[in-house]
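First the structure, in the form of structure tokens, and then the observations on it.
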Amino acid sequence: MSQPEPPTDEPGATAEHQPATPFERLADFMAIPRVGGLALSADGTRLAVSVQTLDPERKKWQSALWEVDPAGQRAPRRLTRSAPGESAPAFAPDGTLLFVSARPDPAAGPDAGDPKPALWALPPGGGEARPVVTRPGGVSGFAVAADSGDVVVVSSTSPGAADAEDDEARRKARRDAGVSAILHDSYPVRYWDADLGPAAPHLFWAGALPAEDAAGETPAPVELRDLTPDAAPPIGAGESVTLSPDGTLALRHEQVPDGPAGRRTRLVAVDTATGESRVLVDDPLADVYSGAFSPDGTSVVCVRESLTTYAEPPDYTLLLVEAATGSARELTGGFDRWPSAPQFAADGTAVYFLADDDGRHALFRVEVGGGAPVRLTTDGAYSDLQVARDGSALYALRSAYDEPPVPVRLDPVATGQHPDPLPAPGAVGPLPGTLTEVRTTAADGAEVQSWLVLPEGASAEDPAPLLLWIHGGPLMSWNSWSWRWCPWVLAARGYAVLLPNPALSQGFGQDFVRRGWGEWGGAPYTDLMAAVDAALERPDLDADRTAAMGGSFGGYMANWVATQTDRFRAIVTHASLWDLDSFVGTTDAAYYWEREWGDPLATPKRYEQNSPHRFADAIRTPMLVIHGDKDYRVPIGEGLRLWYDLQKRGVPSRFLYFPDENHWVLTPGNATVWYETVIAFLAEHVLGEEWRRPELV
């Protein structure tokens, strides 16, 4: 795909130097197509992927749907093209491609107003897409039955609205009155970057979608039936729904109270003909979610995540459930990894799932009849698993730190797989360095695994400065490509980047997580320092020029590192926790964190021992603080308090503030400024260069 010419005033953009990789100029990096989402047609002949590219003004990313050849023979081709973009592709049994888009309806009149996200259908033989389901609150998700083709959509609906017209009237009344206030009766009130209420998600039955007739006439609008009329704010019916192959049952996740202000999730089955709901799996000690039906619809596989406690982190297993009775048994008992995203094999005799394992996000298979899970893949992180209905193949997106997401075809039973990518958009070409693995042993004997990105030209004669990058979560691991934290952007500027998986990282066993549970300043910190020490034994890394960076929990750890050592020349902390007491009380899901940390008044020990703000007087290292005002997971108060505490102590520091970004930085312009500011700050303090302020901030 062609890319716009980058501005020539960016470093590396002179006529004499043409970049060898797109990572040398941020404009080129931002223009790389980004692949995400995968859907397989029922006959197995078509794959659809979602591809993000910059819009003509380079101010936002647009998403379009592309077709990829499952056999890997044909070149990819673009299927959709609109300014609002398209997402969430899924095939109906007849080959119709369904997707969500806020594109305008060409048949709408001049008074239609701004279009809301709707469900659109693209005919199997090509042609023009048409809207098939619309709602005043828009369509935020949908599910299609594998055999019948019946459809259920998710749409936000005003409390008490009798139908779509009533819903729109209630919304208009609020707009006309200038009311944006929301009155809450229960916790929570917001999630990540979204305010909850007053409208809440409902599930609507659309049934079989009518097709255009032979003359191309548009069929009558689909009449929707509310399957969850009692869904109430703030959570409503939830955003996730799965249909049985024959369309007679819908699975949804239902949040229910767990204590005065807590929540947990159970699995509910809805009879789509009558709207009657029954609880399928309800465990007072666990969240239950990610339900998927067997090919014959008689069984469901789902994830059980045990609720955390002050003493114990979560543990995960898969449950096999009888759809008729709710009788359940474990599929992965004794498996010391955390399974996710389960799906049945085509014949129903096995279940595929994904799990972090030793710095990879691997694909596993477990037999329904019993036995230990078998890992099918070697390297890489897999997602968006698709099972061919004839059992001949699996398809997924695979990424790694040296490979952005690409579609691949997998054998359903073979082990040791690392297949070649299928032709698709989004290739990045050569990388400005190499990827290697580093392992070391912590003081307590635990092995700590890390990824190390080495820039081109690093040698004993010319060692590279080292950047320690600390992952978020904290219950995750570095294992897959990231556009937001892309180490190759820094490698193109001569830095080595170390990505360790310390205590609390998943994929290394339950005991490895326990080492850091409730003790974030303990084993996670010492593991990070051990990983840095091991990396710096290499002669091609410069131990005198180092920095540490992290976001979210990684930002917490960056702050903690700043209070514990002055070995680094600079520290960058993004969306970071500073005062744990304040954070736990103001985050969007306080009950989750309080399970681990306890009530700060009743059990203050962990707060006192692990909150970085209590040790602010020890900070000597220059710090760059980054925070978005729309961040509800780690509220802006954490960044503001950290910034003030640094300033009043005279610590050299800068504050990069995004008034309209959330926990991440999602717009191309702000993402560019993020990288520019980080690069300039590191150049000043790690490389000893003069501070160069990014032009637009």
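A note on labels: chains of the structure tokens are A, B, ... as shown, every chain counts residues from 1, and ligands are counted from 1 in their shown order.
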
Excluding A:Ile235 and any residue of its chain fewer than 3 positions from it, enumerate the residues within 8 Å of it, using only C-alpha atoms, and give them as a ChimeraX atom specification. /A:196,200-201,231-232,238,255

Kindly export the residues of the current selection with N, CA and C atoms, as a compact mmCIF listing (two decimals), in the first residue's frame.
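Saved result, selection21.txt, follows:
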# COMPACT_ATOMS: atom_id res chain seq x y z
N LEU A 196 -20.65 5.20 32.48
CA LEU A 196 -21.74 4.24 32.41
C LEU A 196 -23.07 4.94 32.70
N ALA A 200 -28.06 1.62 28.88
CA ALA A 200 -27.31 0.40 29.18
C ALA A 200 -27.52 -0.59 28.05
N PRO A 201 -26.56 -1.51 27.84
CA PRO A 201 -26.69 -2.47 26.74
C PRO A 201 -27.86 -3.43 26.93
N ALA A 231 -32.82 -5.35 31.62
CA ALA A 231 -31.43 -4.92 31.78
C ALA A 231 -31.40 -3.47 32.25
N ALA A 232 -30.64 -3.22 33.30
CA ALA A 232 -30.64 -1.90 33.93
C ALA A 232 -29.22 -1.35 34.04
N GLY A 238 -24.70 -6.44 29.34
CA GLY A 238 -23.32 -6.70 28.96
C GLY A 238 -23.12 -6.55 27.47
N GLN A 255 -23.31 -9.56 35.16
CA GLN A 255 -22.65 -9.13 36.38
C GLN A 255 -23.67 -9.07 37.51

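The residue set within 10 Å of A:Val561, counting only C-alpha atoms and dropping same-chain residues fewer than 3 places from it, reads Gly521, Tyr525, Thr526, Leu528, Met529, Ala548, Met549, Gly555, Tyr556, Met557, Ala558, Gln564, Thr565, Asp566, Arg567, Phe568, Ile571, Pro612, Ile619 and Thr621 of chain A.
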
Would you save the residues of that selection, restricted to C-alpha atoms, as a PDB file, in the first residue's frame?
ATOM      1  CA  GLY A 521       7.678  -3.588  45.541  1.00  0.00           C
ATOM      2  CA  TYR A 525      11.365  -5.121  41.564  1.00  0.00           C
ATOM      3  CA  THR A 526      14.208  -7.504  42.373  1.00  0.00           C
ATOM      4  CA  LEU A 528      13.589  -6.503  37.116  1.00  0.00           C
ATOM      5  CA  MET A 529      16.964  -5.573  38.541  1.00  0.00           C
ATOM      6  CA  ALA A 548      13.601   2.684  32.766  1.00  0.00           C
ATOM      7  CA  MET A 549      10.088   3.061  31.317  1.00  0.00           C
ATOM      8  CA  GLY A 555       4.362   2.990  35.435  1.00  0.00           C
ATOM      9  CA  TYR A 556       3.894   1.999  39.065  1.00  0.00           C
ATOM     10  CA  MET A 557       7.093  -0.055  38.829  1.00  0.00           C
ATOM     11  CA  ALA A 558       8.919   2.840  37.133  1.00  0.00           C
ATOM     12  CA  GLN A 564      14.704   2.510  45.271  1.00  0.00           C
ATOM     13  CA  THR A 565      17.757   3.180  43.076  1.00  0.00           C
ATOM     14  CA  ASP A 566      19.553   5.891  41.151  1.00  0.00           C
ATOM     15  CA  ARG A 567      21.223   3.482  38.719  1.00  0.00           C
ATOM     16  CA  PHE A 568      19.197   4.824  35.764  1.00  0.00           C
ATOM     17  CA  ILE A 571      12.724   7.279  34.063  1.00  0.00           C
ATOM     18  CA  PRO A 612       5.799   4.766  45.932  1.00  0.00           C
ATOM     19  CA  ILE A 619      14.028  10.174  44.136  1.00  0.00           C
ATOM     20  CA  THR A 621      16.510  10.471  38.813  1.00  0.00           C
TER      21      THR A 621
END

Hey, what's within 7 Å of A:Val153 if we count only C-alpha atoms and toss same-chain stuff fewer than 5 positions away? As a PyMOL selection string, please? chain A and resi 139+141-143+203-205

For A:Asp540, list every protein, DNA or RNA residue within 12 Å, evaluated using only C-alpha atoms, and leave out those in the same chain fewer than 4 positions away; present the list as an MDAnalysis selection string. chainID A and resid 452:466 494:496 535:536

Please produce an output containing C-alpha atoms for each residue in the selection, written as an mmCIF file, in the first residue's frame.
data_model
loop_
_atom_site.group_PDB
_atom_site.id
_atom_site.type_symbol
_atom_site.label_atom_id
_atom_site.label_comp_id
_atom_site.auth_asym_id
_atom_site.auth_seq_id
_atom_site.Cartn_x
_atom_site.Cartn_y
_atom_site.Cartn_z
ATOM 1 C CA LEU A 452 15.961 -8.113 24.267
ATOM 2 C CA VAL A 453 15.777 -5.932 21.172
ATOM 3 C CA LEU A 454 19.268 -5.074 19.912
ATOM 4 C CA PRO A 455 19.840 -2.207 17.477
ATOM 5 C CA GLU A 456 21.926 -2.648 14.364
ATOM 6 C CA GLY A 457 25.599 -1.934 14.931
ATOM 7 C CA ALA A 458 25.702 -2.619 18.665
ATOM 8 C CA SER A 459 29.085 -4.114 19.559
ATOM 9 C CA ALA A 460 31.712 -4.226 22.276
ATOM 10 C CA GLU A 461 33.425 -1.320 20.530
ATOM 11 C CA ASP A 462 30.204 0.676 20.267
ATOM 12 C CA PRO A 463 27.806 -0.579 22.980
ATOM 13 C CA ALA A 464 24.159 0.499 22.856
ATOM 14 C CA PRO A 465 22.380 2.365 25.671
ATOM 15 C CA LEU A 466 19.804 0.161 27.391
ATOM 16 C CA GLY A 494 20.322 3.201 18.583
ATOM 17 C CA TYR A 495 18.806 1.951 21.854
ATOM 18 C CA ALA A 496 18.601 -1.622 23.084
ATOM 19 C CA ALA A 535 21.501 -8.119 30.134
ATOM 20 C CA LEU A 536 24.331 -5.762 31.041
#

Write out as a PyMOL selection string each polymer residue whose atoms come within 12 Å of stretch 399-401 of chain A, counting only C-alpha atoms; drop sequence neighbours fewer than 3 positions from it. chain A and resi 34-36+359-362+378-384+396+404-408+418-421+426-427+431+433-437+450-454+478-483+485-488+497-499

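Shortest separation to A:Ala589 among A:Val189, A:Ala442, A:Val686, A:Ala618 occurs at residue A:Val189, atoms counted being only C-alpha atoms.
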
Spatial neighbours of A:Ser82, max dist 8 Å, only C-alpha atoms, sep filter under 2 positions, as an NGL selection string: :A and (64 or 80 or 84-86 or 103)

Run DSSP on the backbone of this structure and report the residues of stretch 376-619 of chain A it assigns to helix (DSSP H, G or I), as a PyMOL selection string. chain A and resi 487-491+510-514+523-535+553-564+580-586+590-597+605-610+612-618

Tell me, as a list in words, which residues lie within 12 Å of A:Asp511, counting only C-alpha atoms; anything in the same chain fewer than 4 positions away does not count. Glu312, Pro313, Pro314, Asp315, Asp336, Arg337, Ala446, Glu447, Ala503, Leu504, Ser505, Gln506, Gly507, Arg515, Gly516, Trp517 and Ala523 of chain A

Could you work out how far atom CA of A:Glu594 lies from atom CA of A:Asp185, giving the answer in Å with one decimal?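 A separation of 21.0 Å between them.
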
Considering only C-alpha atoms, state which residue in the set A:Leu331, A:Ser582, A:Glu276, A:Trp338 is at the smallest distance from A:Glu305.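 For A:Glu305, the nearest of the given residues is A:Trp338.
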
Run DSSP on the backbone and grab whatever in stretch 437-618 of chain A lands in strand (DSSP E); send it over as a PyMOL selection string. chain A and resi 437-441+447-455+464-470+496-501+541-551+570-574

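With distances restricted to only C-alpha atoms, A:Pro622 is the closest residue to A:Val651 from A:Pro89, A:Pro342, A:Pro622, A:Gly334.
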
Atom CA of A:Leu410 and atom CA of A:Pro93 are how many Å apart?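 Computing the Euclidean distance for atom CA of A:Leu410 and atom CA of A:Pro93 yields 22.3 Å.
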